[in-house]
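**Q** Provided herewith: work_39.cif, mmCIF, C-alpha atoms.
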```
data_run
#
loop_
_atom_site.label_atom_id
_atom_site.label_comp_id
_atom_site.auth_asym_id
_atom_site.auth_seq_id
_atom_site.Cartn_x
_atom_site.Cartn_y
_atom_site.Cartn_z
CA GLN A 163 9.26 -26.58 22.93
CA ALA A 164 5.65 -27.24 21.91
CA GLU A 165 4.45 -24.48 24.23
CA ARG A 166 7.05 -22.09 22.86
CA ALA A 167 6.07 -22.95 19.28
CA HIS A 168 2.42 -22.37 20.11
CA ARG A 169 3.22 -19.01 21.68
CA MET A 170 5.27 -17.95 18.67
CA GLU A 171 2.44 -18.98 16.35
CA ALA A 172 -0.02 -16.92 18.38
CA GLU A 173 2.32 -13.92 18.32
CA LEU A 174 2.71 -14.26 14.55
CA LEU A 175 -1.07 -14.31 14.11
CA GLN A 176 -1.46 -11.21 16.27
CA SER A 177 1.25 -9.47 14.27
CA ARG A 178 -0.47 -10.28 11.00
CA ILE A 179 -3.80 -9.11 12.38
CA ALA A 180 -2.18 -5.84 13.40
CA VAL A 181 -0.73 -5.40 9.91
CA MET A 182 -4.11 -6.07 8.32
CA LEU A 183 -5.94 -3.67 10.61
CA SER A 184 -3.31 -1.01 10.05
CA GLN A 185 -4.22 -1.03 6.37
CA ILE A 186 -7.98 -0.79 6.93
CA GLN A 187 -8.30 2.70 8.31
CA PRO A 188 -11.61 3.81 9.87
CA HIS A 189 -11.73 6.93 7.70
CA PHE A 190 -11.39 4.79 4.58
CA LEU A 191 -14.19 2.46 5.70
CA PHE A 192 -16.52 5.33 6.59
CA ASN A 193 -15.78 7.24 3.40
CA ALA A 194 -16.29 4.15 1.24
CA LEU A 195 -19.60 3.28 2.91
CA ASN A 196 -20.84 6.87 2.73
CA THR A 197 -19.95 7.03 -0.95
CA ILE A 198 -21.75 3.75 -1.66
CA GLU A 199 -24.81 4.96 0.26
CA TYR A 200 -24.91 8.11 -1.87
CA LEU A 201 -24.49 6.14 -5.09
CA CYS A 202 -27.32 3.76 -4.19
CA GLU A 203 -29.73 6.62 -4.88
CA GLU A 204 -27.80 8.58 -7.49
CA ASP A 205 -26.24 5.82 -9.61
CA PRO A 206 -27.20 2.25 -8.58
CA PRO A 207 -25.03 0.47 -11.21
CA VAL A 208 -21.92 2.33 -10.00
CA ALA A 209 -22.96 1.59 -6.40
CA ALA A 210 -23.11 -2.11 -7.24
CA ARG A 211 -19.60 -2.04 -8.72
CA ALA A 212 -18.29 -0.06 -5.75
CA THR A 213 -19.82 -2.59 -3.34
CA ASN A 214 -18.12 -5.41 -5.22
CA ASP A 215 -14.75 -3.62 -5.12
CA PHE A 216 -15.20 -2.89 -1.42
CA ALA A 217 -16.05 -6.52 -0.63
CA ARG A 218 -13.08 -7.80 -2.63
CA TYR A 219 -10.78 -5.30 -0.95
CA LEU A 220 -11.86 -6.52 2.50
CA ARG A 221 -11.57 -10.14 1.36
CA GLY A 222 -8.01 -9.51 0.23
CA ASN A 223 -7.11 -8.17 3.66
CA MET A 224 -8.75 -11.11 5.41
CA ASP A 225 -7.06 -13.63 3.11
CA SER A 226 -3.70 -12.19 4.10
CA LEU A 227 -4.26 -13.54 7.62
CA MET A 228 -4.63 -17.13 6.47
CA GLY A 229 -2.14 -17.09 3.61
CA SER A 230 1.59 -16.79 3.33
CA GLN A 231 3.47 -13.67 4.37
CA MET A 232 4.79 -13.55 0.80
CA VAL A 233 2.33 -13.35 -2.08
CA PRO A 234 2.60 -13.00 -5.87
CA PHE A 235 3.00 -9.41 -7.00
CA ARG A 236 0.14 -9.89 -9.44
CA SER A 237 -2.11 -10.69 -6.46
CA GLU A 238 -1.05 -7.43 -4.85
CA LEU A 239 -1.97 -5.66 -8.09
CA GLU A 240 -5.44 -7.22 -8.03
CA HIS A 241 -5.93 -6.13 -4.44
CA LEU A 242 -4.63 -2.68 -5.33
CA ALA A 243 -7.09 -2.36 -8.23
CA HIS A 244 -10.06 -2.72 -5.87
CA TYR A 245 -8.62 -0.11 -3.51
CA VAL A 246 -7.94 2.33 -6.35
CA ALA A 247 -11.46 1.88 -7.76
CA ILE A 248 -12.93 2.91 -4.40
CA GLU A 249 -10.60 5.87 -3.94
CA GLN A 250 -11.30 7.18 -7.42
CA LEU A 251 -14.94 7.56 -6.50
CA ARG A 252 -13.74 10.21 -4.03
CA TYR A 253 -10.90 11.52 -6.19
CA PRO A 254 -12.12 11.17 -9.80
CA PHE A 255 -9.49 13.66 -10.92
CA ILE A 256 -6.63 11.34 -9.93
CA LYS A 257 -5.11 8.91 -12.41
CA VAL A 258 -3.31 5.69 -11.50
CA GLU A 259 -1.08 4.31 -14.24
CA TYR A 260 0.76 1.00 -14.42
CA ASP A 261 4.09 0.23 -16.06
CA VAL A 262 4.50 -3.44 -15.17
CA HIS A 263 7.44 -5.22 -16.80
CA ALA A 264 7.53 -8.06 -14.25
CA ASP A 265 4.77 -9.56 -12.11
CA ASP A 266 5.91 -13.16 -11.55
CA PHE A 267 7.65 -12.65 -8.24
CA LEU A 268 6.81 -12.52 -4.54
CA VAL A 269 6.37 -9.50 -2.28
CA PRO A 270 5.31 -9.18 1.36
CA SER A 271 1.54 -9.33 1.72
CA LEU A 272 -0.18 -5.91 1.84
CA SER A 273 3.02 -4.04 1.06
CA VAL A 274 2.07 -2.25 -2.17
CA GLN A 275 -1.35 -0.80 -1.35
CA PRO A 276 -0.10 1.42 1.51
CA LEU A 277 2.52 2.90 -0.83
CA VAL A 278 -0.18 3.86 -3.33
CA GLU A 279 -2.45 5.10 -0.54
CA ASN A 280 0.36 7.37 0.63
CA ALA A 281 0.96 8.62 -2.92
CA ILE A 282 -2.74 9.42 -3.38
CA LYS A 283 -3.43 10.95 0.00
CA HIS A 284 -0.26 13.01 0.40
CA GLY A 285 0.71 13.46 -3.25
CA ALA A 286 -1.64 13.31 -6.22
CA SER A 287 -4.76 14.46 -4.37
CA ARG A 288 -2.96 17.65 -3.34
CA LYS A 289 -2.05 18.68 -6.86
CA ILE A 290 -4.32 21.34 -8.32
CA GLY A 291 -6.37 19.79 -11.08
CA GLY A 292 -5.47 16.28 -10.03
CA GLY A 293 -2.27 14.32 -10.12
CA VAL A 294 -0.96 11.00 -11.38
CA VAL A 295 0.27 7.98 -9.43
CA ARG A 296 2.41 5.46 -11.30
CA VAL A 297 3.12 1.89 -10.26
CA ALA A 298 6.09 0.33 -12.04
CA SER A 299 7.90 -2.98 -11.67
CA TRP A 300 10.88 -4.63 -13.31
CA ARG A 301 13.70 -7.07 -12.68
CA ALA A 302 17.14 -5.67 -11.91
CA GLY A 303 19.82 -8.33 -11.72
CA ARG A 304 19.17 -10.52 -8.70
CA SER A 305 16.27 -8.41 -7.48
CA PHE A 306 12.82 -7.22 -8.44
CA VAL A 307 11.89 -3.57 -8.09
CA VAL A 308 8.50 -1.97 -7.40
CA ARG A 309 8.36 1.81 -7.60
CA VAL A 310 5.39 4.04 -6.76
CA THR A 311 5.68 7.67 -7.86
CA ASP A 312 3.41 10.69 -7.75
CA ASP A 313 3.57 14.24 -9.08
CA GLY A 314 2.39 15.91 -5.89
CA PRO A 315 4.27 18.29 -3.58
CA GLY A 316 6.89 15.74 -2.57
CA PHE A 317 8.29 14.68 0.79
CA ASP A 318 9.30 16.92 3.62
CA GLU A 319 13.09 16.50 3.64
CA ARG A 320 12.94 15.97 7.41
CA ALA A 321 10.62 13.02 6.82
CA ILE A 322 13.14 11.48 4.43
CA ALA A 323 15.90 11.90 7.01
CA ARG A 324 13.80 10.29 9.73
CA PHE A 325 12.86 7.43 7.41
CA ARG A 326 16.53 6.74 6.70
CA GLU A 327 17.21 6.72 10.42
CA GLY A 328 14.47 4.14 10.88
CA VAL A 329 12.38 6.44 13.06
CA ASP A 330 8.62 6.09 12.75
CA ASP A 331 6.47 8.16 15.06
CA GLY A 332 4.27 9.38 12.24
CA ALA A 333 6.78 11.95 11.06
CA SER A 334 8.19 9.45 8.59
CA ASP A 335 5.06 9.62 6.46
CA ALA A 336 5.08 11.60 3.25
CA ARG A 337 3.23 14.89 3.59
CA PRO A 338 3.34 18.42 2.21
CA LEU A 339 5.58 20.94 3.90
CA GLY A 340 4.04 22.28 7.08
CA GLU A 341 1.40 19.60 7.41
CA ALA A 342 1.06 17.93 10.82
CA PRO A 343 2.28 14.33 11.05
CA ALA A 344 -0.41 11.70 10.53
CA ARG A 345 0.20 9.67 13.65
CA ASN A 346 -2.88 7.47 13.44
CA HIS A 347 -1.81 5.24 10.55
CA VAL A 348 1.08 3.02 9.63
CA GLY A 349 4.16 4.91 8.46
CA LEU A 350 6.33 4.04 5.52
CA ALA A 351 9.10 3.10 7.94
CA ASN A 352 6.82 0.40 9.37
CA VAL A 353 6.23 -1.01 5.90
CA ALA A 354 9.98 -0.90 5.22
CA ALA A 355 10.68 -2.78 8.45
CA ARG A 356 8.19 -5.49 7.47
CA VAL A 357 9.69 -5.79 3.99
CA ALA A 358 13.15 -6.20 5.52
CA ALA A 359 12.02 -8.73 8.10
CA THR A 360 9.88 -10.80 5.72
CA CYS A 361 12.16 -11.18 2.71
CA GLY A 362 15.33 -9.19 3.32
CA GLY A 363 14.15 -6.46 0.96
CA THR A 364 14.72 -2.72 1.12
CA MET A 365 12.72 0.47 0.66
CA ARG A 366 13.87 3.93 -0.38
CA VAL A 367 11.97 7.22 -0.35
CA GLU A 368 13.06 10.30 -2.26
CA ASN A 369 11.89 13.40 -4.07
CA GLU A 370 11.95 13.36 -7.85
CA ALA A 371 14.15 15.89 -9.65
CA GLY A 372 11.21 17.18 -11.71
CA GLY A 373 8.84 17.31 -8.74
CA GLY A 374 6.84 14.74 -6.87
CA ALA A 375 7.99 11.79 -4.80
CA SER A 376 8.81 8.12 -5.17
CA VAL A 377 8.99 5.05 -2.97
CA THR A 378 11.09 2.17 -4.27
CA MET A 379 10.79 -1.34 -2.87
CA THR A 380 13.41 -3.93 -3.82
CA VAL A 381 12.97 -7.63 -3.09
CA PRO A 382 15.58 -10.32 -3.73
CA TYR A 383 15.15 -12.86 -6.50
CA GLU A 384 14.67 -16.39 -5.16
CA GLU A 385 15.23 -19.51 -7.24
CA ASP A 386 12.66 -21.52 -5.28
CA GLY A 387 9.73 -19.13 -5.47
CA GLY A 388 10.70 -15.57 -6.27
CA SER A 389 10.31 -16.28 -9.97
CA ARG A 390 8.63 -19.16 -11.70
#
```
Represent the structure from my file as structure tokens, please.
**A**
Amino acid sequence: QAERAHRMEAELLQSRIAVMLSQIQPHFLFNALNTIEYLCEEDPPVAARATNDFARYLRGNMDSLMGSQMVPFRSELEHLAHYVAIEQLRYPFIKVEYDVHADDFLVPSLSVQPLVENAIKHGASRKIGGGVVRVASWRAGRSFVVRVTDDGPGFDERAIARFREGVDDGASDARPLGEAPARNHVGLANVAARVAATCGGTMRVENEAGGGASVTMTVPYEEDGGSR
């Protein structure tokens, strides 16, 4: 039993490492470092702030390995803020807005940032003149809801169908019509599977009636920790 417990602990650690690494994409690291290098000469004060955001972003990912699988939503928002600050150096025309009506609840670690990354990369950044990403949260009965929306081109309807079927070979990622699947990074279906396995939550993807897309994550309210 001790050997089995040790093996399960090792497998859990490897799984959490894989989740962390899946969020730190090589292109993001290279782009962030290249941007900071450029700013060191052009705007040193901004470079200093960007370096601080970058370090805190990496620290947040590392802390997820040693901490609980469930973390306060407000901690996810702090981690997200560092990510957004770095991305806005590359996409200054993109706005990220927050409509937070509840933040005292738990969500799976590193579950919100990939939703915003998807909304920026495949949504807002593809809107002419720059788009808007909105992060909202509220309590709904016995659950808490986190919704990330963008005003970009929306999901490929085939991607929505594959997401609902639980298929994730890269085609489940949000992307404009006709764009090739991004197979080299975690898909939304993978995040949804982790949300379900970690806390029994759910995720839904859909196109907005007025244009754009949304991803809605719902996590159950827990008396002993989901709300304090």
**Q** What is the distance, in Å and to one decimal place, between atom CA of A:Phe192 and atom CA of A:Asp225?
**A**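 Straight-line distance from atom CA of A:Phe192 to atom CA of A:Asp225 works out to 21.5 Å.
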**Q** Can you work out which one of A:Ser287, A:Asn369, A:Thr360, A:Thr197 has the shortest atom-to-atom distance to A:Lys257, counting all atoms listed in the file?
**A** A:Ser287
**Q** Mind telling me what the PyMOL selection byres ((chain A and resi 293-298) around 12) catches here, as a PyMOL selection string?
**A** chain A and resi 235+238-239+242-243+246+250+253-265+274-275+277-292+299-301+306-316+373-380
**Q** Just how far from atom CA of A:Ser305 is atom CA of A:Met232, in Å to one decimal?
**A**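 Calculated distance between atom CA of A:Met232 and atom CA of A:Ser305 is 15.1 Å.
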**Q** Nearest residue to A:Tyr200 out of A:Glu319, A:Glu165, A:Gly303, A:Leu251, using all atoms listed in the file?
**A**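 Between A:Glu319, A:Glu165, A:Gly303, A:Leu251, the residue approaching A:Tyr200 most closely is A:Leu251.
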**Q** To one decimal place, how far is atom CA of A:Gly372 from atom CA of A:Arg324 in Å?
**A** 22.7 Å
**Q** Using only C-alpha atoms, which residue out of A:Leu272, A:Ile198, A:Val208, A:Ile248 lies closest to A:Gly222?
**A**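 Ranked by minimum distance to A:Gly222, first place goes to A:Leu272.
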**Q** Centre and edge lengths of an axis-aligned box around all listed atoms of stretch 318-325 of chain A, with 6 Å added on each side, are to be given in Å to one decimal, as AutoDock Vina command-line options.
**A**
```
--center_x 12.6 --center_y 12.2 --center_z 6.7 --size_x 18.6 --size_y 21.5 --size_z 18.1
```
